[in-house]
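Student: Mind looking over this structure? Questions follow.
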Amino acid sequence: MSQFSPYPGAAQAARPVIEPAARATGLTKVYGKGGTRVTALDGVSVKFARGRFTAVMGPSGSGKSTLMHCLAGLDTVSSGSARIGDTELSSLNERQLTALRRDKVGFVFQGFNLLPTLTALENITLPLRIAGRAPDPEWLETVVATVGLGDRLGHRPAELSGGQQQRIAVARALLSRPEIVFADEPTGNLDSRSGAEILGFLRYSVRELGQTVVMVTHDPVAAAHADRVVFLADGRLVDELREPTAGAVLDRMLRFEAEAEDAGPGH
C-alpha cells in the first residue's frame, strides 16, 4: 500500500496546532484621561512562536516596552487580548498573575536586578526558593554551564563584572524552564564584548535549549541575533524582518526616522 495519503493536505490537517508562546490580539493600552491621555499601544496584533528569538524595535515612545510589559502580565491592557500560551491574562486575578509570572515567564532586565548580599548561585535559584521549589540539579548544571559561570557561583555581584552579572540574570530567567523569556534592553548597560556574550547565550538558549525569547532593543547589532524583528511606531505594528542582518535592521530604522521627519511635528 502506498505510504502517501490519497487526500492532499490530510497529513497537514492531522498535525496538532501549537499555540504561540505569547500573543497580542487587538491590544490597546491607554494611559491617562482627557488632555493627558496617551495611547501607548493601538490595536497591536502579533504572535511569538515557541522556540524562536524575536526582537522588538522602534523609536523611543513607540510602545515596545509597553507591549512586553502587557504580554508579561506586568501591566494591564485597556482593550484587546494578551495571552501566554492559551492563558488570557485579563482573566486572572492578582494571585494567579503572580503564579503565572513565577512559573511561566522569565525576565532579564537592563539593570540586572540582583541582590547584592547573595552569591551568584543564590541569586540564580532565588525565584524557585521563594516559590518553595528546589531546582532540578541536572538542569541547574546545564544552565550554569550554558552561561559559563561555574567558577563564579560563590561570588557576590560586586565581585563580578557587568557581563557576568547579566549572565547570572539570564541563568535565573532560564532556571524555572519558563514558557517565554522577556528581555528588556539586556545589553544596554554592557560593553560591546559583554553584550555580545549575553546575546550569544540567549541565542544558544533558543537553539539548543528550545527556549522562547522576546527582546526589546534599540541596537541593530543585537537585533541581528534574533530569528525575526518586529517594528513598532506610534503604538502600532508596522513591519517585520525574518532572518535579519544588522544592516537590514539599520536601514529600516533609518527609514522610520525619515518617515517621521516627513510627517512633520504634528504627526
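We name chains A, B, ... following the order of the C-alpha cells; residues begin at 1 in each chain, and ligands are numbered from 1 as shown.
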Can you tell me, as a compact mmCIF listing (two decimals) with N, CA, C and O atoms, in the first residue's frame, which residues in range 121-220 of chain A count as helix (DSSP H, G or I) by DSSP?
Tutor:
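Written file, states.txt:
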```txt
# COMPACT_ATOMS: atom_id res chain seq x y z
N LEU A 121 25.07 31.90 42.83
CA LEU A 121 24.19 30.74 42.87
C LEU A 121 22.89 31.06 43.60
O LEU A 121 21.80 30.66 43.15
N GLU A 122 22.97 31.78 44.71
CA GLU A 122 21.77 32.13 45.46
C GLU A 122 20.86 33.05 44.66
O GLU A 122 19.63 32.93 44.72
N ASN A 123 21.45 33.96 43.89
CA ASN A 123 20.64 34.82 43.03
C ASN A 123 19.95 34.02 41.93
O ASN A 123 18.79 34.27 41.60
N ILE A 124 20.66 33.05 41.36
CA ILE A 124 20.10 32.24 40.28
C ILE A 124 18.90 31.43 40.78
O ILE A 124 17.88 31.32 40.10
N THR A 125 19.03 30.88 41.97
CA THR A 125 17.98 29.98 42.49
C THR A 125 16.91 30.70 43.31
O THR A 125 15.92 30.07 43.70
N LEU A 126 17.07 32.00 43.56
CA LEU A 126 16.16 32.72 44.45
C LEU A 126 14.68 32.61 44.07
O LEU A 126 13.84 32.29 44.93
N PRO A 127 14.29 32.86 42.81
CA PRO A 127 12.86 32.77 42.50
C PRO A 127 12.25 31.40 42.80
O PRO A 127 11.12 31.31 43.29
N LEU A 128 12.99 30.33 42.52
CA LEU A 128 12.48 29.00 42.83
C LEU A 128 12.36 28.78 44.33
O LEU A 128 11.38 28.19 44.81
N ARG A 129 13.34 29.28 45.07
CA ARG A 129 13.29 29.11 46.53
C ARG A 129 12.12 29.89 47.13
O ARG A 129 11.47 29.42 48.06
N ILE A 130 11.85 31.09 46.59
CA ILE A 130 10.71 31.87 47.06
C ILE A 130 9.41 31.10 46.79
O ILE A 130 8.47 31.13 47.59
N PRO A 137 18.70 19.57 39.84
CA PRO A 137 20.17 19.66 39.84
C PRO A 137 20.77 19.55 38.44
O PRO A 137 21.72 20.27 38.10
N GLU A 138 20.23 18.66 37.63
CA GLU A 138 20.77 18.46 36.29
C GLU A 138 20.53 19.69 35.42
O GLU A 138 21.41 20.13 34.67
N TRP A 139 19.33 20.26 35.53
CA TRP A 139 19.01 21.46 34.74
C TRP A 139 19.82 22.66 35.23
O TRP A 139 20.30 23.46 34.43
N LEU A 140 20.00 22.78 36.54
CA LEU A 140 20.82 23.86 37.10
C LEU A 140 22.23 23.77 36.55
O LEU A 140 22.82 24.78 36.14
N GLU A 141 22.78 22.55 36.50
CA GLU A 141 24.13 22.36 35.95
C GLU A 141 24.18 22.77 34.48
O GLU A 141 25.14 23.40 34.03
N THR A 142 23.13 22.41 33.73
CA THR A 142 23.07 22.76 32.31
C THR A 142 23.03 24.27 32.12
O THR A 142 23.75 24.84 31.28
N VAL A 143 22.19 24.94 32.91
CA VAL A 143 22.05 26.39 32.79
C VAL A 143 23.34 27.09 33.17
O VAL A 143 23.80 28.01 32.47
N VAL A 144 23.96 26.68 34.27
CA VAL A 144 25.21 27.29 34.71
C VAL A 144 26.30 27.09 33.66
O VAL A 144 27.07 28.01 33.35
N ALA A 145 26.34 25.89 33.07
CA ALA A 145 27.33 25.63 32.03
C ALA A 145 27.03 26.48 30.79
O ALA A 145 27.95 26.98 30.13
N THR A 146 25.76 26.67 30.49
CA THR A 146 25.37 27.46 29.32
C THR A 146 25.88 28.89 29.43
O THR A 146 26.37 29.46 28.46
N VAL A 147 25.77 29.47 30.61
CA VAL A 147 26.20 30.86 30.77
C VAL A 147 27.65 30.98 31.24
O VAL A 147 28.16 32.09 31.43
N PRO A 157 27.55 39.83 43.59
CA PRO A 157 27.51 40.69 42.40
C PRO A 157 28.63 41.72 42.34
O PRO A 157 29.19 41.96 41.26
N ALA A 158 28.99 42.32 43.48
CA ALA A 158 30.03 43.35 43.48
C ALA A 158 31.38 42.81 43.07
O ALA A 158 32.28 43.58 42.68
N GLU A 159 31.55 41.51 43.15
CA GLU A 159 32.83 40.88 42.79
C GLU A 159 32.85 40.43 41.33
O GLU A 159 33.82 39.82 40.89
N GLY A 162 30.03 43.50 34.87
CA GLY A 162 28.67 43.70 34.41
C GLY A 162 28.18 42.56 33.54
O GLY A 162 27.03 42.10 33.68
N GLY A 163 29.05 42.08 32.67
CA GLY A 163 28.67 40.96 31.82
C GLY A 163 28.37 39.71 32.61
O GLY A 163 27.43 38.97 32.31
N GLN A 164 29.19 39.46 33.66
CA GLN A 164 28.96 38.29 34.50
C GLN A 164 27.66 38.41 35.29
O GLN A 164 26.92 37.44 35.46
N GLN A 165 27.37 39.64 35.77
CA GLN A 165 26.12 39.86 36.50
C GLN A 165 24.92 39.60 35.59
O GLN A 165 23.93 38.99 36.00
N GLN A 166 25.02 40.05 34.33
CA GLN A 166 23.90 39.82 33.42
C GLN A 166 23.77 38.34 33.08
O GLN A 166 22.67 37.84 32.88
N ARG A 167 24.88 37.62 33.05
CA ARG A 167 24.81 36.18 32.82
C ARG A 167 24.07 35.49 33.97
O ARG A 167 23.31 34.53 33.75
N ILE A 168 24.29 35.98 35.20
CA ILE A 168 23.53 35.45 36.33
C ILE A 168 22.04 35.69 36.12
O ILE A 168 21.20 34.82 36.36
N ALA A 169 21.71 36.89 35.66
CA ALA A 169 20.30 37.22 35.42
C ALA A 169 19.69 36.32 34.34
O ALA A 169 18.54 35.90 34.45
N VAL A 170 20.47 36.01 33.30
CA VAL A 170 19.98 35.10 32.25
C VAL A 170 19.78 33.70 32.83
O VAL A 170 18.75 33.05 32.57
N ALA A 171 20.74 33.22 33.61
CA ALA A 171 20.61 31.90 34.23
C ALA A 171 19.39 31.84 35.13
O ALA A 171 18.65 30.85 35.14
N ARG A 172 19.17 32.89 35.90
CA ARG A 172 17.99 32.95 36.79
C ARG A 172 16.70 32.86 35.98
O ARG A 172 15.76 32.17 36.36
N ALA A 173 16.67 33.56 34.83
CA ALA A 173 15.48 33.55 33.98
C ALA A 173 15.22 32.17 33.37
O ALA A 173 14.08 31.77 33.18
N LEU A 174 16.30 31.43 33.07
CA LEU A 174 16.16 30.13 32.42
C LEU A 174 15.87 28.99 33.40
O LEU A 174 15.33 27.95 33.00
N LEU A 175 16.21 29.17 34.67
CA LEU A 175 16.22 28.05 35.60
C LEU A 175 14.83 27.45 35.82
O LEU A 175 14.70 26.23 36.01
N SER A 192 30.58 46.30 24.52
CA SER A 192 30.22 45.52 23.33
C SER A 192 30.59 44.05 23.47
O SER A 192 29.84 43.17 23.03
N ARG A 193 31.72 43.77 24.10
CA ARG A 193 32.13 42.37 24.25
C ARG A 193 31.18 41.61 25.17
O ARG A 193 30.73 40.50 24.85
N SER A 194 30.86 42.21 26.34
CA SER A 194 29.95 41.56 27.27
C SER A 194 28.55 41.43 26.66
O SER A 194 27.87 40.41 26.84
N GLY A 195 28.14 42.46 25.93
CA GLY A 195 26.84 42.42 25.28
C GLY A 195 26.77 41.29 24.27
O GLY A 195 25.76 40.58 24.18
N ALA A 196 27.83 41.10 23.51
CA ALA A 196 27.86 40.02 22.53
C ALA A 196 27.78 38.66 23.21
O ALA A 196 27.13 37.73 22.71
N GLU A 197 28.41 38.52 24.40
CA GLU A 197 28.34 37.27 25.14
C GLU A 197 26.90 36.97 25.56
O GLU A 197 26.40 35.85 25.41
N ILE A 198 26.21 37.99 26.08
CA ILE A 198 24.83 37.80 26.54
C ILE A 198 23.93 37.41 25.37
O ILE A 198 23.10 36.50 25.47
N LEU A 199 24.09 38.10 24.24
CA LEU A 199 23.28 37.77 23.07
C LEU A 199 23.57 36.35 22.59
O LEU A 199 22.66 35.63 22.16
N GLY A 200 24.84 35.96 22.68
CA GLY A 200 25.19 34.59 22.32
C GLY A 200 24.53 33.56 23.23
O GLY A 200 24.05 32.52 22.78
N PHE A 201 24.45 33.89 24.54
CA PHE A 201 23.79 32.98 25.48
C PHE A 201 22.30 32.88 25.18
O PHE A 201 21.71 31.79 25.22
N LEU A 202 21.67 34.02 24.89
CA LEU A 202 20.24 33.99 24.56
C LEU A 202 20.00 33.19 23.29
O LEU A 202 19.07 32.38 23.20
N ARG A 203 20.87 33.41 22.29
CA ARG A 203 20.76 32.67 21.04
C ARG A 203 20.93 31.16 21.28
O ARG A 203 20.18 30.34 20.74
N TYR A 204 21.89 30.80 22.11
CA TYR A 204 22.13 29.40 22.44
C TYR A 204 20.93 28.79 23.16
O TYR A 204 20.54 27.64 22.89
N SER A 205 20.33 29.54 24.08
CA SER A 205 19.19 29.01 24.83
C SER A 205 18.02 28.71 23.91
O SER A 205 17.24 27.78 24.16
N VAL A 206 17.89 29.48 22.83
CA VAL A 206 16.84 29.22 21.85
C VAL A 206 17.21 28.01 20.98
O VAL A 206 16.41 27.08 20.81
N ARG A 207 18.42 28.00 20.47
CA ARG A 207 18.83 26.97 19.53
C ARG A 207 19.01 25.61 20.19
O ARG A 207 18.56 24.58 19.66
N PRO A 220 20.67 47.62 16.38
CA PRO A 220 20.57 46.73 15.22
C PRO A 220 21.47 45.51 15.31
O PRO A 220 21.11 44.43 14.83
```
Student: Got a sec: who's within 7 Å of range 39-48 of chain A, counting only C-alpha atoms, leaving out chain neighbours fewer than 2 positions off, as a count of residues only?
Tutor: 19
Student: Could you give me, as a count of residues only, the residues within 8 Å of Thr217 in chain A, counting only C-alpha atoms and dropping anything in the same chain fewer than 2 positions from it?
Tutor: 11
Student: Which neighbours of Glu243 in chain A fall inside 12 Å, counting only C-alpha atoms, when residues of the same chain fewer than 3 positions from it are skipped, and could you give them as a PDB file with C-alpha atoms, in the first residue's frame?
Tutor:
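Result went into part_3.pdb, see below:
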```pdb
ATOM      1  CA  ARG A  52      12.165  31.323  18.447  1.00  0.00           C
ATOM      2  CA  PHE A  53      14.099  34.507  19.232  1.00  0.00           C
ATOM      3  CA  THR A  54      12.210  37.713  18.402  1.00  0.00           C
ATOM      4  CA  ALA A  55      13.490  41.265  18.755  1.00  0.00           C
ATOM      5  CA  ALA A 223      18.532  42.534  16.860  1.00  0.00           C
ATOM      6  CA  ALA A 224      20.570  40.629  14.252  1.00  0.00           C
ATOM      7  CA  HIS A 225      20.930  37.758  16.746  1.00  0.00           C
ATOM      8  CA  ALA A 226      17.168  37.170  16.538  1.00  0.00           C
ATOM      9  CA  ASP A 227      15.222  34.982  14.111  1.00  0.00           C
ATOM     10  CA  ARG A 228      12.787  37.805  13.499  1.00  0.00           C
ATOM     11  CA  VAL A 229      12.445  41.513  14.212  1.00  0.00           C
ATOM     12  CA  VAL A 230       9.090  43.253  14.629  1.00  0.00           C
ATOM     13  CA  GLU A 240       8.880  42.844  10.428  1.00  0.00           C
ATOM     14  CA  ALA A 246      22.358  44.378  11.324  1.00  0.00           C
ATOM     15  CA  GLY A 247      22.482  46.307   8.042  1.00  0.00           C
ATOM     16  CA  ALA A 248      18.889  45.492   7.122  1.00  0.00           C
ATOM     17  CA  VAL A 249      17.669  46.468  10.585  1.00  0.00           C
TER      18      VAL A 249
END
```
Student: Between A:Asp234, A:Asp103, A:Asp151, A:Glu179, which one has atoms that come closest to Val38 in chain A, using only C-alpha atoms?
Tutor: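 So, comparing all the options, the nearest one is A:Asp234.
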Student: Would you compute the distance between CA of Pro116 in chain A and CA of Ala134 in chain A? Give it in Å to one decimal.
Tutor: 21.7 Å
Student: Looking at A:Phe112, A:Leu250, A:Gly32, A:Ser62, which one is nearest to Val238 in chain A, with distances taken over only C-alpha atoms?
Tutor: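 Comparing A:Phe112, A:Leu250, A:Gly32, A:Ser62 against Val238 in chain A, the winner is A:Ser62.
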Student: I need the residues of range 13-161 of chain A that end up classed as strand (DSSP E) by DSSP on the backbone, written out as a ChimeraX atom specification.
Tutor: /A:22-31,38-48,53-57,79-84,87-88,105-109
Student: Generate the output file for the selected residues, N, CA and C atoms, as a compact mmCIF listing (two decimals), in the first residue's frame.
Tutor:
```
# COMPACT_ATOMS: atom_id res chain seq x y z
N ALA A 22 3.38 33.39 23.20
CA ALA A 22 2.66 34.60 23.64
C ALA A 22 2.07 35.26 22.41
N ARG A 23 0.97 35.97 22.62
CA ARG A 23 0.38 36.71 21.51
C ARG A 23 -0.47 37.86 22.02
N ALA A 24 -0.52 38.89 21.23
CA ALA A 24 -1.40 40.03 21.45
C ALA A 24 -2.40 40.07 20.31
N THR A 25 -3.66 40.36 20.62
CA THR A 25 -4.69 40.47 19.60
C THR A 25 -5.47 41.77 19.83
N GLY A 26 -5.33 42.69 18.90
CA GLY A 26 -6.01 43.98 19.03
C GLY A 26 -5.69 44.69 20.32
N LEU A 27 -4.44 44.54 20.77
CA LEU A 27 -4.07 45.04 22.10
C LEU A 27 -3.91 46.56 22.10
N THR A 28 -4.65 47.20 22.99
CA THR A 28 -4.58 48.66 23.15
C THR A 28 -4.27 48.98 24.60
N LYS A 29 -3.37 49.93 24.81
CA LYS A 29 -3.04 50.39 26.15
C LYS A 29 -3.06 51.91 26.17
N VAL A 30 -3.90 52.45 27.02
CA VAL A 30 -4.06 53.90 27.14
C VAL A 30 -3.69 54.32 28.56
N TYR A 31 -2.90 55.37 28.65
CA TYR A 31 -2.56 55.96 29.95
C TYR A 31 -3.21 57.33 30.05
N VAL A 38 -2.69 59.27 26.66
CA VAL A 38 -1.66 58.81 25.74
C VAL A 38 -1.98 57.37 25.35
N THR A 39 -2.04 57.10 24.05
CA THR A 39 -2.25 55.74 23.56
C THR A 39 -0.89 55.12 23.28
N ALA A 40 -0.45 54.27 24.20
CA ALA A 40 0.87 53.66 24.06
C ALA A 40 0.86 52.51 23.07
N LEU A 41 -0.24 51.76 23.02
CA LEU A 41 -0.42 50.68 22.05
C LEU A 41 -1.79 50.84 21.41
N ASP A 42 -1.83 50.69 20.10
CA ASP A 42 -3.05 51.00 19.36
C ASP A 42 -3.45 49.82 18.47
N GLY A 43 -4.12 48.82 19.07
CA GLY A 43 -4.62 47.69 18.30
C GLY A 43 -3.55 46.77 17.76
N VAL A 44 -2.55 46.45 18.57
CA VAL A 44 -1.44 45.62 18.12
C VAL A 44 -1.83 44.14 18.14
N SER A 45 -1.58 43.45 17.05
CA SER A 45 -1.77 42.00 16.97
C SER A 45 -0.45 41.37 16.50
N VAL A 46 0.10 40.49 17.32
CA VAL A 46 1.38 39.86 16.98
C VAL A 46 1.50 38.55 17.75
N LYS A 47 2.14 37.55 17.14
CA LYS A 47 2.37 36.26 17.78
C LYS A 47 3.87 36.02 17.92
N PHE A 48 4.24 35.36 19.01
CA PHE A 48 5.62 34.99 19.24
C PHE A 48 5.70 33.47 19.33
N PHE A 53 13.52 33.30 18.63
CA PHE A 53 14.10 34.51 19.23
C PHE A 53 13.58 35.70 18.43
N THR A 54 12.79 36.55 19.08
CA THR A 54 12.21 37.71 18.40
C THR A 54 12.70 38.99 19.06
N ALA A 55 13.13 39.94 18.26
CA ALA A 55 13.49 41.26 18.75
C ALA A 55 12.35 42.23 18.44
N VAL A 56 12.08 43.14 19.38
CA VAL A 56 11.07 44.18 19.20
C VAL A 56 11.79 45.52 19.17
N MET A 57 11.60 46.26 18.08
CA MET A 57 12.31 47.52 17.90
C MET A 57 11.34 48.63 17.53
N SER A 79 -7.80 47.38 26.23
CA SER A 79 -8.71 46.55 25.46
C SER A 79 -7.90 45.59 24.62
N GLY A 80 -8.58 44.59 24.06
CA GLY A 80 -7.88 43.56 23.31
C GLY A 80 -7.44 42.43 24.21
N SER A 81 -6.54 41.61 23.72
CA SER A 81 -6.17 40.38 24.39
C SER A 81 -4.66 40.23 24.48
N ALA A 82 -4.19 39.74 25.63
CA ALA A 82 -2.79 39.37 25.82
C ALA A 82 -2.77 37.97 26.41
N ARG A 83 -2.04 37.06 25.78
CA ARG A 83 -2.02 35.67 26.21
C ARG A 83 -0.59 35.16 26.36
N ILE A 84 -0.40 34.32 27.37
CA ILE A 84 0.78 33.47 27.49
C ILE A 84 0.29 32.05 27.23
N THR A 87 -3.45 31.01 27.90
CA THR A 87 -4.00 31.70 29.07
C THR A 87 -4.22 33.18 28.77
N GLU A 88 -5.47 33.62 28.88
CA GLU A 88 -5.81 35.02 28.71
C GLU A 88 -5.49 35.75 30.03
N VAL A 105 7.07 32.62 33.08
CA VAL A 105 7.74 33.76 32.46
C VAL A 105 9.10 33.99 33.12
N GLY A 106 10.11 34.22 32.29
CA GLY A 106 11.42 34.62 32.79
C GLY A 106 11.70 36.05 32.37
N PHE A 107 12.43 36.80 33.20
CA PHE A 107 12.72 38.20 32.90
C PHE A 107 14.23 38.45 32.95
N VAL A 108 14.70 39.23 31.99
CA VAL A 108 16.07 39.73 32.02
C VAL A 108 15.98 41.23 31.77
N PHE A 109 16.40 42.03 32.76
CA PHE A 109 16.29 43.47 32.66
C PHE A 109 17.67 44.11 32.44
```
